[in-house]
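Read through the structure below, which is laid out as structure tokens, and then see the notes.
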Amino acid sequence: TPPIAELSLEDLVSRTKPAVVYLKSLTKSGTGFFVTDTGVIATNAHLARGEDSLLATLPDGTQLDARVVYVDPDLDIALAKTAGTNFPHLPLGAAAEVRQGESVVAVGNPGDAMLFSVTRGIVSAVGRFDAAGPGTWIQTDAPINPGNSGGPLLNLRGEVIGINSQKLTKKNVTGIGFALS
């Protein structure tokens with residue numbers, strides 16, 4: 001099969017944003033995205049842990065109950081399930097094909113800002129980062145803020161290459177975010 005062409009940023013956002021959701025519990029909020037058309041939502045474990053369900057708001061304002069069905073105790077990944085079918089969903093890109101220097105886009109719901117906002121950057125590094133936890137991590141300079149957690153980090157072909165997870169917050173450090181591959 002021929003390689004999938006890269007999209008303009010505008011086309012990338014219009015194609016992928018409908019599959020992104022704003023997730024909220026009584027105490028936490030963040031982002032998730034549909035990975036199947038049957039209502040399975042991927043997000044961060046730190047958003048779903050301890051919750052039975054989350055309120056999922058779609059970009060068009062529709063609100064759905066998302067039952068937490070899986071939380072990985074080691075990796076920062078969780079799955080929630082909504083009732084329904086024919087949901088827009090995002091394809092997953094191959095982790096082995098993520099390249100340092102590649103352009104990426106993060107879609108999410110950063111705290112105290114506009115929902116379903118988009119930031120862009122590059123893959124700064126890929127590999128193990130034990131301080132962040134097990135797994136393969138993608139370091140990016142795309143701004144990742146609280147509330148972006150659980151949202152997709154996309155390549156320019158519209159494939160999810162990581163789940164936005166955390167931002168390095170230290171004195172004199174800016175613009176270092178991490179997504180779990």
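Here, A, B, ... name the chains of the structure tokens in the order displayed, residue numbers run from 1 inside each chain, and ligands are numbered from 1 in the same displayed order.
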
Write out as JSON lines a residue-level contact list of range 78-174 of chain A versus range 2-18 of chain A with cut-off 6 Å: for each qualifying residue the closest pair of atoms and the distance in Å to one decimal, counting only C-alpha atoms, rows sorted by chain and residue number upward.
```
{"residue": "A:Leu156", "atom": "CA", "partner": "A:Glu6", "partner_atom": "CA", "distance": 5.0}
{"residue": "A:Arg157", "atom": "CA", "partner": "A:Glu6", "partner_atom": "CA", "distance": 4.6}
{"residue": "A:Gly158", "atom": "CA", "partner": "A:Leu12", "partner_atom": "CA", "distance": 5.9}
```

Output the selection as a CSV table (one decimal), in the first residue's frame - N, CA and C atoms for each residue.
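As written to disk, selection-v8.csv reads:
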```
chain,number,residue,atom,x,y,z
A,156,LEU,N,1.4,14.0,11.1
A,156,LEU,CA,0.7,14.8,10.1
A,156,LEU,C,-0.1,13.9,9.1
A,157,ARG,N,-0.1,12.6,9.4
A,157,ARG,CA,-1.0,11.7,8.6
A,157,ARG,C,-2.3,11.5,9.3
A,158,GLY,N,-2.4,12.1,10.5
A,158,GLY,CA,-3.6,11.9,11.3
A,158,GLY,C,-3.6,10.6,12.2
```

Note to self: For Phe129 in chain A, find every residue with an atom within 12 Å (counting only C-alpha atoms), except residues of its own chain fewer than 6 positions away, and show them as number ranges by chain.
What the structure shows: A: 135-139, 168, 178-181

Next item on the list: Please identify all polymer residues within 10 Å of Ala45 in chain A, counting only C-alpha atoms, omitting same-chain residues fewer than 3 positions from it, and present them as number ranges by chain.
Entry: A: 42, 48-50, 68, 70-79, 149-150, 165

Between range 118-155 of chain A and range 26-33 of chain A, at 8 Å or less, what are the per-residue closest atom pairs and their distances in Å? Count only C-alpha atoms, order by chain and rising residue number, and return it as a tab-separated table.
```
residue	atom	partner	partner_atom	distance
A:Pro146	CA	A:Gly30	CA	7.4
A:Gly147	CA	A:Gly30	CA	4.0
A:Asn148	CA	A:Thr31	CA	5.7
A:Ser149	CA	A:Gly30	CA	5.4
A:Gly150	CA	A:Thr31	CA	4.8
A:Gly151	CA	A:Thr31	CA	4.7
A:Pro152	CA	A:Phe33	CA	6.8
```

Next item on the list: Going by DSSP on the backbone, which bits of chain A are helix (DSSP H, G or I)? Write them as JSON, numbers by chain, please.
Entry: {"A": [9, 10, 11, 12, 13, 14, 15, 16, 17, 18, 19, 45, 46, 47, 48, 95, 96, 97]}

Item checked: Test item: residues at most 10 Å from Asp60 in chain A, only C-alpha atoms, excluding those fewer than 2 positions along its chain, as a VMD selection string -> chain A and resid 18 21 57 to 58 62 to 63

Write out the residues from the selection above, keeping all heavy atoms, as a compact mmCIF listing (two decimals), in the first residue's frame.
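Heads up, here's the output in again.txt:
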```txt
# COMPACT_ATOMS: atom_id res chain seq x y z
N PRO A 18 -13.18 15.56 15.66
CA PRO A 18 -14.44 14.92 16.04
C PRO A 18 -14.28 13.65 16.88
O PRO A 18 -15.22 13.24 17.55
CB PRO A 18 -15.09 14.59 14.68
CG PRO A 18 -14.51 15.59 13.74
CD PRO A 18 -13.09 15.78 14.22
N VAL A 21 -12.48 13.70 22.86
CA VAL A 21 -13.51 13.99 23.85
C VAL A 21 -12.91 14.70 25.06
O VAL A 21 -11.73 14.54 25.38
CB VAL A 21 -14.26 12.71 24.32
CG1 VAL A 21 -14.99 12.07 23.16
CG2 VAL A 21 -13.33 11.73 24.99
N THR A 57 -17.67 14.67 26.88
CA THR A 57 -18.32 15.69 26.06
C THR A 57 -17.64 15.69 24.70
O THR A 57 -16.42 15.81 24.60
CB THR A 57 -18.21 17.09 26.71
OG1 THR A 57 -18.79 17.03 28.01
CG2 THR A 57 -18.94 18.14 25.87
N LEU A 58 -18.45 15.55 23.65
CA LEU A 58 -17.93 15.56 22.28
C LEU A 58 -17.80 17.01 21.81
O LEU A 58 -18.42 17.91 22.37
CB LEU A 58 -18.88 14.78 21.36
CG LEU A 58 -19.29 13.37 21.82
CD1 LEU A 58 -20.11 12.68 20.75
CD2 LEU A 58 -18.09 12.55 22.20
N THR A 62 -22.45 17.16 22.60
CA THR A 62 -23.12 15.94 23.08
C THR A 62 -22.40 15.42 24.32
O THR A 62 -21.17 15.36 24.35
CB THR A 62 -23.11 14.86 21.98
OG1 THR A 62 -23.76 15.37 20.83
CG2 THR A 62 -23.82 13.59 22.45
N GLN A 63 -23.17 15.03 25.35
CA GLN A 63 -22.58 14.47 26.56
C GLN A 63 -22.98 13.01 26.69
O GLN A 63 -24.14 12.65 26.50
CB GLN A 63 -23.02 15.26 27.79
CG GLN A 63 -22.46 16.68 27.78
CD GLN A 63 -22.67 17.39 29.09
OE1 GLN A 63 -23.65 17.17 29.78
NE2 GLN A 63 -21.73 18.26 29.43
```

Checklist line | Which of range 68-139 of chain A fall in strand (DSSP E or B), as a ChimeraX atom specification | finding: /A:68-71,78-81,92,103-108,117-129,133-139

With C-alpha atoms retained, write the just-selected residues as a PDB file, in the first residue's frame.
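So result37.pdb came out as:
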```pdb
ATOM      1  CA  VAL A  68     -14.149   3.040  33.005  1.00  0.00           C
ATOM      2  CA  VAL A  69     -13.437  -0.523  31.818  1.00  0.00           C
ATOM      3  CA  TYR A  70      -9.637  -0.847  32.056  1.00  0.00           C
ATOM      4  CA  VAL A  71      -6.824   0.887  33.925  1.00  0.00           C
ATOM      5  CA  ALA A  78      -6.966   3.591  30.633  1.00  0.00           C
ATOM      6  CA  LEU A  79      -9.996   2.707  28.509  1.00  0.00           C
ATOM      7  CA  ALA A  80     -13.583   3.884  28.942  1.00  0.00           C
ATOM      8  CA  LYS A  81     -16.659   2.747  27.003  1.00  0.00           C
ATOM      9  CA  LEU A  92      -3.013   4.274  15.656  1.00  0.00           C
ATOM     10  CA  SER A 103       6.094  17.326  13.126  1.00  0.00           C
ATOM     11  CA  VAL A 104       3.315  16.496  15.588  1.00  0.00           C
ATOM     12  CA  VAL A 105       0.037  17.991  16.765  1.00  0.00           C
ATOM     13  CA  ALA A 106      -1.612  17.658  20.185  1.00  0.00           C
ATOM     14  CA  VAL A 107      -5.393  18.023  20.522  1.00  0.00           C
ATOM     15  CA  GLY A 108      -6.854  18.435  23.964  1.00  0.00           C
ATOM     16  CA  SER A 117      -7.544  23.300  21.278  1.00  0.00           C
ATOM     17  CA  VAL A 118      -4.585  22.348  19.122  1.00  0.00           C
ATOM     18  CA  THR A 119      -0.841  22.815  19.589  1.00  0.00           C
ATOM     19  CA  ARG A 120       1.989  21.771  17.309  1.00  0.00           C
ATOM     20  CA  GLY A 121       5.628  20.913  17.656  1.00  0.00           C
ATOM     21  CA  ILE A 122       8.131  18.238  16.806  1.00  0.00           C
ATOM     22  CA  VAL A 123       9.229  14.907  18.236  1.00  0.00           C
ATOM     23  CA  SER A 124      12.204  15.999  20.330  1.00  0.00           C
ATOM     24  CA  ALA A 125      13.225  12.485  21.368  1.00  0.00           C
ATOM     25  CA  VAL A 126      11.883   8.924  21.478  1.00  0.00           C
ATOM     26  CA  GLY A 127      12.830   6.139  23.868  1.00  0.00           C
ATOM     27  CA  ARG A 128      12.858   5.003  27.447  1.00  0.00           C
ATOM     28  CA  PHE A 129      12.423   7.671  30.116  1.00  0.00           C
ATOM     29  CA  GLY A 133       7.530   5.410  33.956  1.00  0.00           C
ATOM     30  CA  PRO A 134       7.799   2.209  31.928  1.00  0.00           C
ATOM     31  CA  GLY A 135       7.226   2.111  28.193  1.00  0.00           C
ATOM     32  CA  THR A 136       8.428   4.073  25.198  1.00  0.00           C
ATOM     33  CA  TRP A 137       8.073   7.826  25.585  1.00  0.00           C
ATOM     34  CA  ILE A 138       7.904  10.589  23.017  1.00  0.00           C
ATOM     35  CA  GLN A 139       9.307  13.911  24.150  1.00  0.00           C
TER      36      GLN A 139
END
```

Check: Restricting the calculation to only C-alpha atoms, which member of A:Asn86, A:Ala142, A:Ile161, A:Ser25 is positioned closest to His46 in chain A?
Finding: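 Of A:Asn86, A:Ala142, A:Ile161, A:Ser25, the one nearest His46 in chain A, counting only C-alpha atoms, is A:Ser25.
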
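Counting from CA of Met114 in chain A, the distance to CA of Thr82 in chain A is 23.9 Å.
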
Item checked: Contact residues around Thr38 in chain A with only C-alpha atoms at 7 Å, ignoring same-chain residues under 4 positions, as a ChimeraX atom specification -> /A:84-87

Take the residues just selected and output them with C-alpha atoms as a JSON list (two decimals), in the first residue's frame.
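As written to disk, result-v4.json reads:
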```json
[["chain", "number", "residue", "atom", "x", "y", "z"],
["A", 84, "GLY", "CA", -23.51, 3.64, 20.86],
["A", 85, "THR", "CA", -21.86, 2.99, 17.52],
["A", 86, "ASN", "CA", -20.52, 4.84, 14.48],
["A", 87, "PHE", "CA", -18.24, 7.10, 16.53]]
```
